[in-house]
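Data from model.pdb: PDB, C-alpha atoms, pLDDT in the B column
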ATOM      1  CA  MET A 295     -18.779  80.216 -30.599  1.00 89.00           C
ATOM      2  CA  LYS A 296     -16.823  79.003 -33.612  1.00 93.00           C
ATOM      3  CA  ILE A 297     -15.666  81.468 -36.267  1.00 96.00           C
ATOM      4  CA  ILE A 298     -15.029  80.211 -39.793  1.00 97.00           C
ATOM      5  CA  LEU A 299     -12.853  82.923 -41.305  1.00 98.00           C
ATOM      6  CA  PHE A 300     -12.244  83.109 -45.034  1.00 98.00           C
ATOM      7  CA  ASP A 301      -9.915  85.126 -47.189  1.00 98.00           C
ATOM      8  CA  LEU A 302     -11.723  86.237 -50.361  1.00 98.00           C
ATOM      9  CA  GLY A 303      -9.209  86.707 -53.187  1.00 96.00           C
ATOM     10  CA  ASN A 304      -8.116  83.379 -54.685  1.00 97.00           C
ATOM     11  CA  THR A 305      -9.755  81.520 -51.802  1.00 98.00           C
ATOM     12  CA  LEU A 306     -13.455  82.046 -52.540  1.00 98.00           C
ATOM     13  CA  GLU A 307     -13.028  84.222 -55.631  1.00 97.00           C
ATOM     14  CA  ASP A 308     -10.913  83.765 -58.723  1.00 97.00           C
ATOM     15  CA  VAL A 309      -9.535  87.310 -58.741  1.00 94.00           C
ATOM     16  CA  GLU A 310      -8.348  87.178 -62.345  1.00 93.00           C
ATOM     17  CA  ARG A 311     -11.774  86.096 -63.629  1.00 93.00           C
ATOM     18  CA  GLU A 312     -13.775  88.044 -61.034  1.00 93.00           C
ATOM     19  CA  LYS A 313     -16.031  85.091 -60.238  1.00 96.00           C
ATOM     20  CA  LEU A 314     -16.542  82.556 -57.489  1.00 97.00           C
ATOM     21  CA  LEU A 315     -14.320  79.502 -57.465  1.00 98.00           C
ATOM     22  CA  PRO A 316     -15.995  76.126 -58.035  1.00 97.00           C
ATOM     23  CA  GLY A 317     -17.764  74.884 -54.927  1.00 97.00           C
ATOM     24  CA  ALA A 318     -17.634  78.219 -53.066  1.00 98.00           C
ATOM     25  CA  ARG A 319     -21.396  78.752 -52.794  1.00 98.00           C
ATOM     26  CA  LYS A 320     -22.089  75.109 -51.898  1.00 98.00           C
ATOM     27  CA  THR A 321     -19.366  75.176 -49.236  1.00 98.00           C
ATOM     28  CA  LEU A 322     -20.656  78.414 -47.674  1.00 98.00           C
ATOM     29  CA  LYS A 323     -24.262  77.195 -47.761  1.00 98.00           C
ATOM     30  CA  THR A 324     -23.379  73.869 -46.147  1.00 97.00           C
ATOM     31  CA  ILE A 325     -21.267  75.477 -43.422  1.00 97.00           C
ATOM     32  CA  GLN A 326     -24.002  78.030 -42.732  1.00 96.00           C
ATOM     33  CA  ALA A 327     -26.475  75.162 -42.170  1.00 95.00           C
ATOM     34  CA  MET A 328     -24.271  73.397 -39.595  1.00 94.00           C
ATOM     35  CA  ARG A 329     -25.207  73.408 -35.909  1.00 91.00           C
ATOM     36  CA  ASP A 330     -23.303  72.358 -32.828  1.00 86.00           C
ATOM     37  CA  ALA A 331     -24.794  70.297 -29.996  1.00 83.00           C
ATOM     38  CA  GLN A 332     -26.388  73.455 -28.541  1.00 85.00           C
ATOM     39  CA  GLY A 333     -27.952  74.364 -31.902  1.00 89.00           C
ATOM     40  CA  HIS A 334     -25.552  77.237 -32.650  1.00 89.00           C
ATOM     41  CA  ALA A 335     -24.308  77.853 -36.178  1.00 92.00           C
ATOM     42  CA  PRO A 336     -20.666  78.730 -36.784  1.00 94.00           C
ATOM     43  CA  VAL A 337     -20.098  82.389 -37.617  1.00 96.00           C
ATOM     44  CA  LEU A 338     -18.923  82.948 -41.187  1.00 98.00           C
ATOM     45  CA  ALA A 339     -16.572  85.913 -41.552  1.00 98.00           C
ATOM     46  CA  LEU A 340     -14.160  87.441 -44.063  1.00 98.00           C
ATOM     47  CA  VAL A 341     -10.780  89.095 -43.615  1.00 98.00           C
ATOM     48  CA  SER A 342      -8.997  90.818 -46.495  1.00 97.00           C
ATOM     49  CA  ASP A 343      -6.085  93.045 -47.272  1.00 97.00           C
ATOM     50  CA  PHE A 344      -8.026  95.750 -49.050  1.00 96.00           C
ATOM     51  CA  GLY A 345      -7.619  99.516 -49.310  1.00 93.00           C
ATOM     52  CA  GLU A 346      -5.014 101.993 -48.137  1.00 92.00           C
ATOM     53  CA  ILE A 347      -2.987 101.765 -44.931  1.00 95.00           C
ATOM     54  CA  PRO A 348      -3.051 104.189 -43.195  1.00 93.00           C
ATOM     55  CA  ALA A 349      -6.462 105.444 -44.215  1.00 95.00           C
ATOM     56  CA  THR A 350      -8.745 108.332 -43.412  1.00 96.00           C
ATOM     57  CA  PRO A 351     -12.301 107.592 -42.251  1.00 96.00           C
ATOM     58  CA  GLU A 352     -13.510 108.508 -45.749  1.00 96.00           C
ATOM     59  CA  GLN A 353     -11.052 106.072 -47.367  1.00 96.00           C
ATOM     60  CA  ILE A 354     -12.120 103.334 -44.959  1.00 97.00           C
ATOM     61  CA  GLN A 355     -15.780 103.881 -45.797  1.00 97.00           C
ATOM     62  CA  ALA A 356     -15.022 103.904 -49.540  1.00 97.00           C
ATOM     63  CA  SER A 357     -13.026 100.662 -49.220  1.00 97.00           C
ATOM     64  CA  GLN A 358     -15.847  99.011 -47.293  1.00 97.00           C
ATOM     65  CA  GLU A 359     -18.441 100.076 -49.865  1.00 98.00           C
ATOM     66  CA  GLU A 360     -16.263  98.824 -52.734  1.00 97.00           C
ATOM     67  CA  TYR A 361     -15.632  95.500 -50.986  1.00 98.00           C
ATOM     68  CA  PHE A 362     -19.332  95.035 -50.122  1.00 98.00           C
ATOM     69  CA  ASP A 363     -20.152  95.686 -53.798  1.00 98.00           C
ATOM     70  CA  ILE A 364     -17.750  92.872 -54.755  1.00 97.00           C
ATOM     71  CA  LEU A 365     -19.564  90.536 -52.374  1.00 98.00           C
ATOM     72  CA  ARG A 366     -22.924  91.542 -53.882  1.00 98.00           C
ATOM     73  CA  GLU A 367     -21.620  91.008 -57.431  1.00 97.00           C
ATOM     74  CA  LEU A 368     -20.357  87.549 -56.426  1.00 98.00           C
ATOM     75  CA  GLY A 369     -23.734  86.835 -54.796  1.00 97.00           C
ATOM     76  CA  ILE A 370     -22.281  85.835 -51.416  1.00 98.00           C
ATOM     77  CA  GLN A 371     -23.021  88.869 -49.230  1.00 98.00           C
ATOM     78  CA  SER A 372     -25.873  87.041 -47.461  1.00 98.00           C
ATOM     79  CA  PHE A 373     -23.416  84.571 -45.916  1.00 98.00           C
ATOM     80  CA  PHE A 374     -21.590  87.392 -44.129  1.00 98.00           C
ATOM     81  CA  LYS A 375     -24.400  89.541 -42.739  1.00 97.00           C
ATOM     82  CA  PRO A 376     -24.256  91.909 -41.067  1.00 97.00           C
ATOM     83  CA  LEU A 377     -21.395  92.907 -43.342  1.00 98.00           C
ATOM     84  CA  THR A 378     -20.053  95.598 -41.006  1.00 97.00           C
ATOM     85  CA  GLN A 379     -19.673  92.978 -38.272  1.00 97.00           C
ATOM     86  CA  ARG A 380     -18.506  89.981 -40.295  1.00 98.00           C
ATOM     87  CA  VAL A 381     -16.125  91.589 -42.778  1.00 98.00           C
ATOM     88  CA  THR A 382     -12.802  92.990 -41.591  1.00 98.00           C
ATOM     89  CA  LEU A 383     -10.543  94.896 -43.972  1.00 98.00           C
ATOM     90  CA  SER A 384      -6.909  95.797 -43.420  1.00 97.00           C
ATOM     91  CA  THR A 385      -7.678  99.446 -44.172  1.00 97.00           C
ATOM     92  CA  GLU A 386     -10.031  99.734 -41.180  1.00 96.00           C
ATOM     93  CA  VAL A 387      -7.601  97.999 -38.796  1.00 96.00           C
ATOM     94  CA  GLY A 388      -4.428  99.668 -40.020  1.00 96.00           C
ATOM     95  CA  ALA A 389      -2.694  96.314 -40.321  1.00 96.00           C
ATOM     96  CA  ALA A 390      -2.500  93.623 -42.986  1.00 96.00           C
ATOM     97  CA  LYS A 391      -2.696  89.851 -42.693  1.00 96.00           C
ATOM     98  CA  PRO A 392      -1.196  87.961 -41.008  1.00 96.00           C
ATOM     99  CA  SER A 393      -0.786  90.534 -38.224  1.00 97.00           C
ATOM    100  CA  ARG A 394      -2.107  89.547 -34.798  1.00 97.00           C
ATOM    101  CA  LYS A 395      -3.875  92.931 -34.801  1.00 97.00           C
ATOM    102  CA  ILE A 396      -6.105  92.091 -37.778  1.00 97.00           C
ATOM    103  CA  PHE A 397      -7.110  88.697 -36.348  1.00 97.00           C
ATOM    104  CA  GLU A 398      -7.909  90.305 -32.987  1.00 97.00           C
ATOM    105  CA  ALA A 399     -10.033  92.884 -34.830  1.00 97.00           C
ATOM    106  CA  VAL A 400     -11.995  90.095 -36.549  1.00 97.00           C
ATOM    107  CA  ILE A 401     -12.803  88.456 -33.217  1.00 96.00           C
ATOM    108  CA  ASP A 402     -13.729  91.791 -31.616  1.00 96.00           C
ATOM    109  CA  LYS A 403     -16.045  92.716 -34.514  1.00 96.00           C
ATOM    110  CA  VAL A 404     -17.788  89.350 -34.571  1.00 95.00           C
ATOM    111  CA  GLY A 405     -18.355  89.591 -30.812  1.00 90.00           C
ATOM    112  CA  GLY A 406     -19.683  86.803 -28.641  1.00 80.00           C
ATOM    113  CA  GLY A 407     -16.460  86.036 -26.793  1.00 82.00           C
ATOM    114  CA  GLY A 408     -14.595  84.393 -29.665  1.00 85.00           C
ATOM    115  CA  SER A 409     -10.954  83.412 -29.401  1.00 92.00           C
ATOM    116  CA  PHE A 410      -8.068  82.363 -31.602  1.00 95.00           C
ATOM    117  CA  GLN A 411      -8.599  78.745 -30.514  1.00 94.00           C
ATOM    118  CA  ASN A 412     -12.217  78.890 -31.710  1.00 93.00           C
ATOM    119  CA  THR A 413     -11.308  80.367 -35.097  1.00 96.00           C
ATOM    120  CA  LEU A 414     -10.653  78.425 -38.292  1.00 97.00           C
ATOM    121  CA  PHE A 415      -8.960  80.474 -41.037  1.00 98.00           C
ATOM    122  CA  ILE A 416      -8.994  79.399 -44.695  1.00 98.00           C
ATOM    123  CA  THR A 417      -6.700  81.027 -47.267  1.00 98.00           C
ATOM    124  CA  GLU A 418      -4.602  80.224 -50.320  1.00 97.00           C
ATOM    125  CA  ASN A 419      -1.620  82.080 -48.839  1.00 96.00           C
ATOM    126  CA  LYS A 420       0.708  79.565 -47.143  1.00 97.00           C
ATOM    127  CA  SER A 421       2.657  82.202 -45.204  1.00 97.00           C
ATOM    128  CA  HIS A 422      -0.639  83.518 -43.762  1.00 98.00           C
ATOM    129  CA  VAL A 423      -1.587  79.966 -42.754  1.00 98.00           C
ATOM    130  CA  ASP A 424       1.747  79.494 -40.986  1.00 98.00           C
ATOM    131  CA  ALA A 425       1.477  82.843 -39.177  1.00 98.00           C
ATOM    132  CA  ALA A 426      -2.128  82.175 -38.106  1.00 98.00           C
ATOM    133  CA  ARG A 427      -1.129  78.773 -36.752  1.00 98.00           C
ATOM    134  CA  ALA A 428       1.703  80.389 -34.785  1.00 98.00           C
ATOM    135  CA  LEU A 429      -0.945  82.604 -33.136  1.00 97.00           C
ATOM    136  CA  GLY A 430      -2.992  79.557 -32.118  1.00 96.00           C
ATOM    137  CA  ILE A 431      -5.562  79.886 -34.891  1.00 97.00           C
ATOM    138  CA  ARG A 432      -6.481  76.710 -36.694  1.00 96.00           C
ATOM    139  CA  ALA A 433      -5.731  77.338 -40.383  1.00 98.00           C
ATOM    140  CA  ILE A 434      -6.206  75.477 -43.647  1.00 98.00           C
ATOM    141  CA  HIS A 435      -4.128  76.120 -46.740  1.00 98.00           C
ATOM    142  CA  PHE A 436      -6.356  75.987 -49.823  1.00 98.00           C
ATOM    143  CA  LYS A 437      -4.754  75.231 -53.177  1.00 97.00           C
ATOM    144  CA  GLY A 438      -6.201  78.268 -54.900  1.00 94.00           C
ATOM    145  CA  PRO A 439      -5.451  79.526 -58.414  1.00 93.00           C
ATOM    146  CA  GLY A 440      -1.714  79.549 -59.075  1.00 89.00           C
ATOM    147  CA  GLU A 441      -0.839  77.630 -55.898  1.00 92.00           C
ATOM    148  CA  ALA A 442       1.389  74.563 -56.231  1.00 93.00           C
ATOM    149  CA  SER A 443      -0.061  72.779 -53.205  1.00 95.00           C
ATOM    150  CA  GLY A 444      -2.438  73.036 -50.281  1.00 97.00           C
ATOM    151  CA  ASP A 445      -4.022  71.123 -47.425  1.00 97.00           C
ATOM    152  CA  ILE A 446      -7.112  70.837 -49.631  1.00 98.00           C
ATOM    153  CA  ASN A 447      -7.555  71.105 -53.393  1.00 97.00           C
ATOM    154  CA  ARG A 448     -11.303  71.822 -53.600  1.00 97.00           C
ATOM    155  CA  LEU A 449     -13.433  74.141 -51.468  1.00 97.00           C
ATOM    156  CA  VAL A 450     -16.006  71.408 -50.832  1.00 97.00           C
ATOM    157  CA  ASP A 451     -13.211  69.443 -49.116  1.00 97.00           C
ATOM    158  CA  LEU A 452     -13.549  72.013 -46.311  1.00 97.00           C
ATOM    159  CA  ILE A 453     -16.980  70.725 -45.309  1.00 97.00           C
ATOM    160  CA  PRO A 454     -15.886  67.710 -43.226  1.00 96.00           C
ATOM    161  CA  LEU A 455     -12.971  69.693 -41.775  1.00 96.00           C
ATOM    162  CA  VAL A 456     -15.270  72.496 -40.647  1.00 96.00           C
ATOM    163  CA  ARG A 457     -17.778  69.963 -39.317  1.00 93.00           C
ATOM    164  CA  ASP A 458     -15.014  68.332 -37.274  1.00 92.00           C
ATOM    165  CA  PHE A 459     -13.707  71.705 -36.069  1.00 93.00           C
ATOM    166  CA  SER A 460     -17.191  72.846 -35.086  1.00 87.00           C
ATOM    167  CA  LYS A 461     -18.200  69.454 -33.725  1.00 79.00           C
ATOM    168  CA  ALA A 462     -21.299  70.168 -35.757  1.00 49.00           C
ATOM    169  CA  VAL A 463     -23.801  68.150 -37.639  1.00 46.00           C
ATOM    170  CA  GLN A 464     -25.156  69.273 -40.970  1.00 46.00           C
ATOM    171  CA  LEU A 465     -28.770  70.355 -41.078  1.00 47.00           C
ATOM    172  CA  GLY A 466     -30.757  70.871 -44.217  1.00 45.00           C
ATOM    173  CA  ASP A 467     -29.600  70.637 -47.796  1.00 37.00           C
TER
END

How would this structure read if it were set down as structure tokens?
Amino acid sequence: MKIILFDLGNTLEDVEREKLLPGARKTLKTIQAMRDAQGHAPVLALVSDFGEIPATPEQIQASQEEYFDILRELGIQSFFKPLTQRVTLSTEVGAAKPSRKIFEAVIDKVGGGGSFQNTLFITENKSHVDAARALGIRAIHFKGPGEASGDINRLVDLIPLVRDFSKAVQLGD
């Protein structure tokens, strides 16, 4: 199983404008339609530093509800269903990115025997990319808003990289 793990803020969403970045929906839709040789789709997941650390169970639930509302407002929640399994927030783990603990929590929540080697992480934060790579996670630095550089400049440039990572072929539109 391949996990395609996204950061949200300034990777898929322009935080300042509170809207999706150009190409985000097309990229997610195309990745979601990919299949490997066995017909399995990659798992799309999100990881974000969001909410209080440490947090009470009530604070965790409130952070999750607020974050899920953001996904609904952006119109991308369907790519990450079930949300409770495919979205991991720092508040629920008690650790922020790029901690090993938060990446392990993502893999545990997604289930299916995932591993760091079968995870591709996309973020605008270069230090998070470097730390993820040090853990054995494949990571791509996206040149998001305010970033001077990146491995890719446009989200749609992820499509062939994800296809190669997944050894997948695109199905559908």

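Distances from A:Ile297, A:Ile446, A:Val404, A:Leu383 to Leu338 (chain A) were compared using all atoms listed in the file, and the smallest one belongs to A:Ile297.
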
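CA of Asn412 (chain A) lies 26.4 Å from CA of Leu314 (chain A).
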
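Neighbours of Phe459 (chain A) closer than or equal to 12 Å, with all atoms listed in the file counted and sequence neighbours fewer than 2 positions away skipped, come out as Met295, Lys296, Ile297, Ile298, Ile325, Met328, Arg329, Asp330, Pro336, Gln411, Asn412, Thr413, Leu414, Phe415, Ile431, Arg432, Ala433, Ile434, Leu452, Ile453, Pro454, Leu455, Val456, Arg457, Lys461, Ala462 and Val463 of chain A.
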
Mind telling me what the PyMOL selection byres ((chain A and resi 319) around 10) catches here, as a PyMOL selection string? chain A and resi 306+314-318+320-325+368-370+373+449-450

Just to be explicit: take each residue in the selection above, keep C-alpha atoms, and write the result as a PDB file, in the frame of the given file.
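Ended up saving to out00.pdb:
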ATOM      1  CA  LEU A 306     -13.455  82.046 -52.540  1.00 98.00           C
ATOM      2  CA  LEU A 314     -16.542  82.556 -57.489  1.00 97.00           C
ATOM      3  CA  LEU A 315     -14.320  79.502 -57.465  1.00 98.00           C
ATOM      4  CA  PRO A 316     -15.995  76.126 -58.035  1.00 97.00           C
ATOM      5  CA  GLY A 317     -17.764  74.884 -54.927  1.00 97.00           C
ATOM      6  CA  ALA A 318     -17.634  78.219 -53.066  1.00 98.00           C
ATOM      7  CA  LYS A 320     -22.089  75.109 -51.898  1.00 98.00           C
ATOM      8  CA  THR A 321     -19.366  75.176 -49.236  1.00 98.00           C
ATOM      9  CA  LEU A 322     -20.656  78.414 -47.674  1.00 98.00           C
ATOM     10  CA  LYS A 323     -24.262  77.195 -47.761  1.00 98.00           C
ATOM     11  CA  THR A 324     -23.379  73.869 -46.147  1.00 97.00           C
ATOM     12  CA  ILE A 325     -21.267  75.477 -43.422  1.00 97.00           C
ATOM     13  CA  LEU A 368     -20.357  87.549 -56.426  1.00 98.00           C
ATOM     14  CA  GLY A 369     -23.734  86.835 -54.796  1.00 97.00           C
ATOM     15  CA  ILE A 370     -22.281  85.835 -51.416  1.00 98.00           C
ATOM     16  CA  PHE A 373     -23.416  84.571 -45.916  1.00 98.00           C
ATOM     17  CA  LEU A 449     -13.433  74.141 -51.468  1.00 97.00           C
ATOM     18  CA  VAL A 450     -16.006  71.408 -50.832  1.00 97.00           C
TER      19      VAL A 450
END

Please expand the PyMOL selection byres ((chain A and resi 398) around 12) into the concrete residues it hits in this file, giving the result as a PyMOL selection string. chain A and resi 341+382+384+387+389-397+399-405+407-411+413+426+429-431

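If you measure from each of A:Leu377, A:Ile416, A:Ala428, A:Ala356 to Thr305 (chain A) using all atoms listed in the file, the closest one turns out to be A:Ile416.
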
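If only C-alpha atoms are the atoms counted, then among A:Glu418, A:Glu346, A:Asp458, A:Glu386 the closest residue to Pro439 (chain A) is A:Glu418.
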
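The coordinates place CA of Gln358 (chain A) at 12.6 Å from CA of Pro376 (chain A).
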
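A straight line drawn from CA of Leu365 (chain A) to CA of Ser443 (chain A) is 26.4 Å long.
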
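Comparing the minimum interatomic distances between Thr350 (chain A) and each of A:Gly438, A:Gly388, A:Asn447, A:Leu299, counting all atoms listed in the file, we find that A:Gly388 sits nearest.
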
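Closest approach to Gln371 (chain A) among A:Ala331, A:Ile347, A:Ala442, A:Ala339 is made by A:Ala339 (distances from all atoms listed in the file).
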
Could you rebuild region 302-331 of chain A with N, CA and C atoms and give me the result as a PDB file, in the coordinates of the input?
ATOM      1  N   LEU A 302     -10.878  86.200 -49.168  1.00 98.00           N
ATOM      2  CA  LEU A 302     -11.723  86.237 -50.361  1.00 98.00           C
ATOM      3  C   LEU A 302     -10.922  85.955 -51.632  1.00 98.00           C
ATOM      4  N   GLY A 303      -9.935  86.801 -51.929  1.00 96.00           N
ATOM      5  CA  GLY A 303      -9.209  86.707 -53.187  1.00 96.00           C
ATOM      6  C   GLY A 303      -8.413  85.425 -53.322  1.00 96.00           C
ATOM      7  N   ASN A 304      -8.737  84.662 -54.344  1.00 97.00           N
ATOM      8  CA  ASN A 304      -8.116  83.379 -54.685  1.00 97.00           C
ATOM      9  C   ASN A 304      -8.340  82.297 -53.628  1.00 97.00           C
ATOM     10  N   THR A 305      -9.286  82.557 -52.726  1.00 98.00           N
ATOM     11  CA  THR A 305      -9.755  81.520 -51.802  1.00 98.00           C
ATOM     12  C   THR A 305     -11.214  81.215 -52.119  1.00 98.00           C
ATOM     13  N   LEU A 306     -12.066  82.225 -52.107  1.00 98.00           N
ATOM     14  CA  LEU A 306     -13.455  82.046 -52.540  1.00 98.00           C
ATOM     15  C   LEU A 306     -13.666  82.571 -53.960  1.00 98.00           C
ATOM     16  N   GLU A 307     -12.874  83.557 -54.337  1.00 97.00           N
ATOM     17  CA  GLU A 307     -13.028  84.222 -55.631  1.00 97.00           C
ATOM     18  C   GLU A 307     -11.777  84.026 -56.483  1.00 97.00           C
ATOM     19  N   ASP A 308     -11.998  83.744 -57.749  1.00 97.00           N
ATOM     20  CA  ASP A 308     -10.913  83.765 -58.723  1.00 97.00           C
ATOM     21  C   ASP A 308     -10.742  85.236 -59.108  1.00 97.00           C
ATOM     22  N   VAL A 309      -9.723  85.866 -58.568  1.00 94.00           N
ATOM     23  CA  VAL A 309      -9.535  87.310 -58.741  1.00 94.00           C
ATOM     24  C   VAL A 309      -9.366  87.673 -60.210  1.00 94.00           C
ATOM     25  N   GLU A 310      -8.605  86.882 -60.939  1.00 93.00           N
ATOM     26  CA  GLU A 310      -8.348  87.178 -62.345  1.00 93.00           C
ATOM     27  C   GLU A 310      -9.641  87.168 -63.168  1.00 93.00           C
ATOM     28  N   ARG A 311     -10.519  86.226 -62.875  1.00 93.00           N
ATOM     29  CA  ARG A 311     -11.774  86.096 -63.629  1.00 93.00           C
ATOM     30  C   ARG A 311     -12.942  86.817 -62.987  1.00 93.00           C
ATOM     31  N   GLU A 312     -12.735  87.334 -61.776  1.00 93.00           N
ATOM     32  CA  GLU A 312     -13.775  88.044 -61.034  1.00 93.00           C
ATOM     33  C   GLU A 312     -15.046  87.218 -60.885  1.00 93.00           C
ATOM     34  N   LYS A 313     -14.867  85.941 -60.482  1.00 96.00           N
ATOM     35  CA  LYS A 313     -16.031  85.091 -60.238  1.00 96.00           C
ATOM     36  C   LYS A 313     -15.694  84.107 -59.120  1.00 96.00           C
ATOM     37  N   LEU A 314     -16.745  83.525 -58.561  1.00 97.00           N
ATOM     38  CA  LEU A 314     -16.542  82.556 -57.489  1.00 97.00           C
ATOM     39  C   LEU A 314     -15.799  81.338 -58.005  1.00 97.00           C
ATOM     40  N   LEU A 315     -14.996  80.751 -57.133  1.00 98.00           N
ATOM     41  CA  LEU A 315     -14.320  79.502 -57.465  1.00 98.00           C
ATOM     42  C   LEU A 315     -15.319  78.351 -57.366  1.00 98.00           C
ATOM     43  N   PRO A 316     -15.080  77.269 -58.093  1.00 97.00           N
ATOM     44  CA  PRO A 316     -15.995  76.126 -58.035  1.00 97.00           C
ATOM     45  C   PRO A 316     -16.175  75.634 -56.596  1.00 97.00           C
ATOM     46  N   GLY A 317     -17.429  75.409 -56.240  1.00 97.00           N
ATOM     47  CA  GLY A 317     -17.764  74.884 -54.927  1.00 97.00           C
ATOM     48  C   GLY A 317     -17.883  75.917 -53.824  1.00 97.00           C
ATOM     49  N   ALA A 318     -17.602  77.187 -54.114  1.00 98.00           N
ATOM     50  CA  ALA A 318     -17.634  78.219 -53.066  1.00 98.00           C
ATOM     51  C   ALA A 318     -19.027  78.365 -52.464  1.00 98.00           C
ATOM     52  N   ARG A 319     -20.031  78.547 -53.297  1.00 98.00           N
ATOM     53  CA  ARG A 319     -21.396  78.752 -52.794  1.00 98.00           C
ATOM     54  C   ARG A 319     -21.890  77.525 -52.024  1.00 98.00           C
ATOM     55  N   LYS A 320     -21.657  76.339 -52.569  1.00 98.00           N
ATOM     56  CA  LYS A 320     -22.089  75.109 -51.898  1.00 98.00           C
ATOM     57  C   LYS A 320     -21.398  74.978 -50.537  1.00 98.00           C
ATOM     58  N   THR A 321     -20.117  75.268 -50.484  1.00 98.00           N
ATOM     59  CA  THR A 321     -19.366  75.176 -49.236  1.00 98.00           C
ATOM     60  C   THR A 321     -19.916  76.154 -48.207  1.00 98.00           C
ATOM     61  N   LEU A 322     -20.123  77.409 -48.599  1.00 98.00           N
ATOM     62  CA  LEU A 322     -20.656  78.414 -47.674  1.00 98.00           C
ATOM     63  C   LEU A 322     -22.054  78.030 -47.196  1.00 98.00           C
ATOM     64  N   LYS A 323     -22.889  77.574 -48.109  1.00 98.00           N
ATOM     65  CA  LYS A 323     -24.262  77.195 -47.761  1.00 98.00           C
ATOM     66  C   LYS A 323     -24.269  76.023 -46.782  1.00 98.00           C
ATOM     67  N   THR A 324     -23.431  75.038 -47.020  1.00 97.00           N
ATOM     68  CA  THR A 324     -23.379  73.869 -46.147  1.00 97.00           C
ATOM     69  C   THR A 324     -22.859  74.234 -44.766  1.00 97.00           C
ATOM     70  N   ILE A 325     -21.815  75.053 -44.718  1.00 97.00           N
ATOM     71  CA  ILE A 325     -21.267  75.477 -43.422  1.00 97.00           C
ATOM     72  C   ILE A 325     -22.300  76.305 -42.658  1.00 97.00           C
ATOM     73  N   GLN A 326     -22.995  77.181 -43.369  1.00 96.00           N
ATOM     74  CA  GLN A 326     -24.002  78.030 -42.732  1.00 96.00           C
ATOM     75  C   GLN A 326     -25.126  77.189 -42.108  1.00 96.00           C
ATOM     76  N   ALA A 327     -25.404  76.033 -42.672  1.00 95.00           N
ATOM     77  CA  ALA A 327     -26.475  75.162 -42.170  1.00 95.00           C
ATOM     78  C   ALA A 327     -26.045  74.272 -41.008  1.00 95.00           C
ATOM     79  N   MET A 328     -24.756  74.242 -40.692  1.00 94.00           N
ATOM     80  CA  MET A 328     -24.271  73.397 -39.595  1.00 94.00           C
ATOM     81  C   MET A 328     -24.720  73.946 -38.250  1.00 94.00           C
ATOM     82  N   ARG A 329     -24.879  73.038 -37.288  1.00 91.00           N
ATOM     83  CA  ARG A 329     -25.207  73.408 -35.909  1.00 91.00           C
ATOM     84  C   ARG A 329     -24.393  72.548 -34.961  1.00 91.00           C
ATOM     85  N   ASP A 330     -23.998  73.144 -33.845  1.00 86.00           N
ATOM     86  CA  ASP A 330     -23.303  72.358 -32.828  1.00 86.00           C
ATOM     87  C   ASP A 330     -24.341  71.692 -31.923  1.00 86.00           C
ATOM     88  N   ALA A 331     -23.891  71.027 -30.880  1.00 83.00           N
ATOM     89  CA  ALA A 331     -24.794  70.297 -29.996  1.00 83.00           C
ATOM     90  C   ALA A 331     -25.808  71.215 -29.316  1.00 83.00           C
TER      91      ALA A 331
END
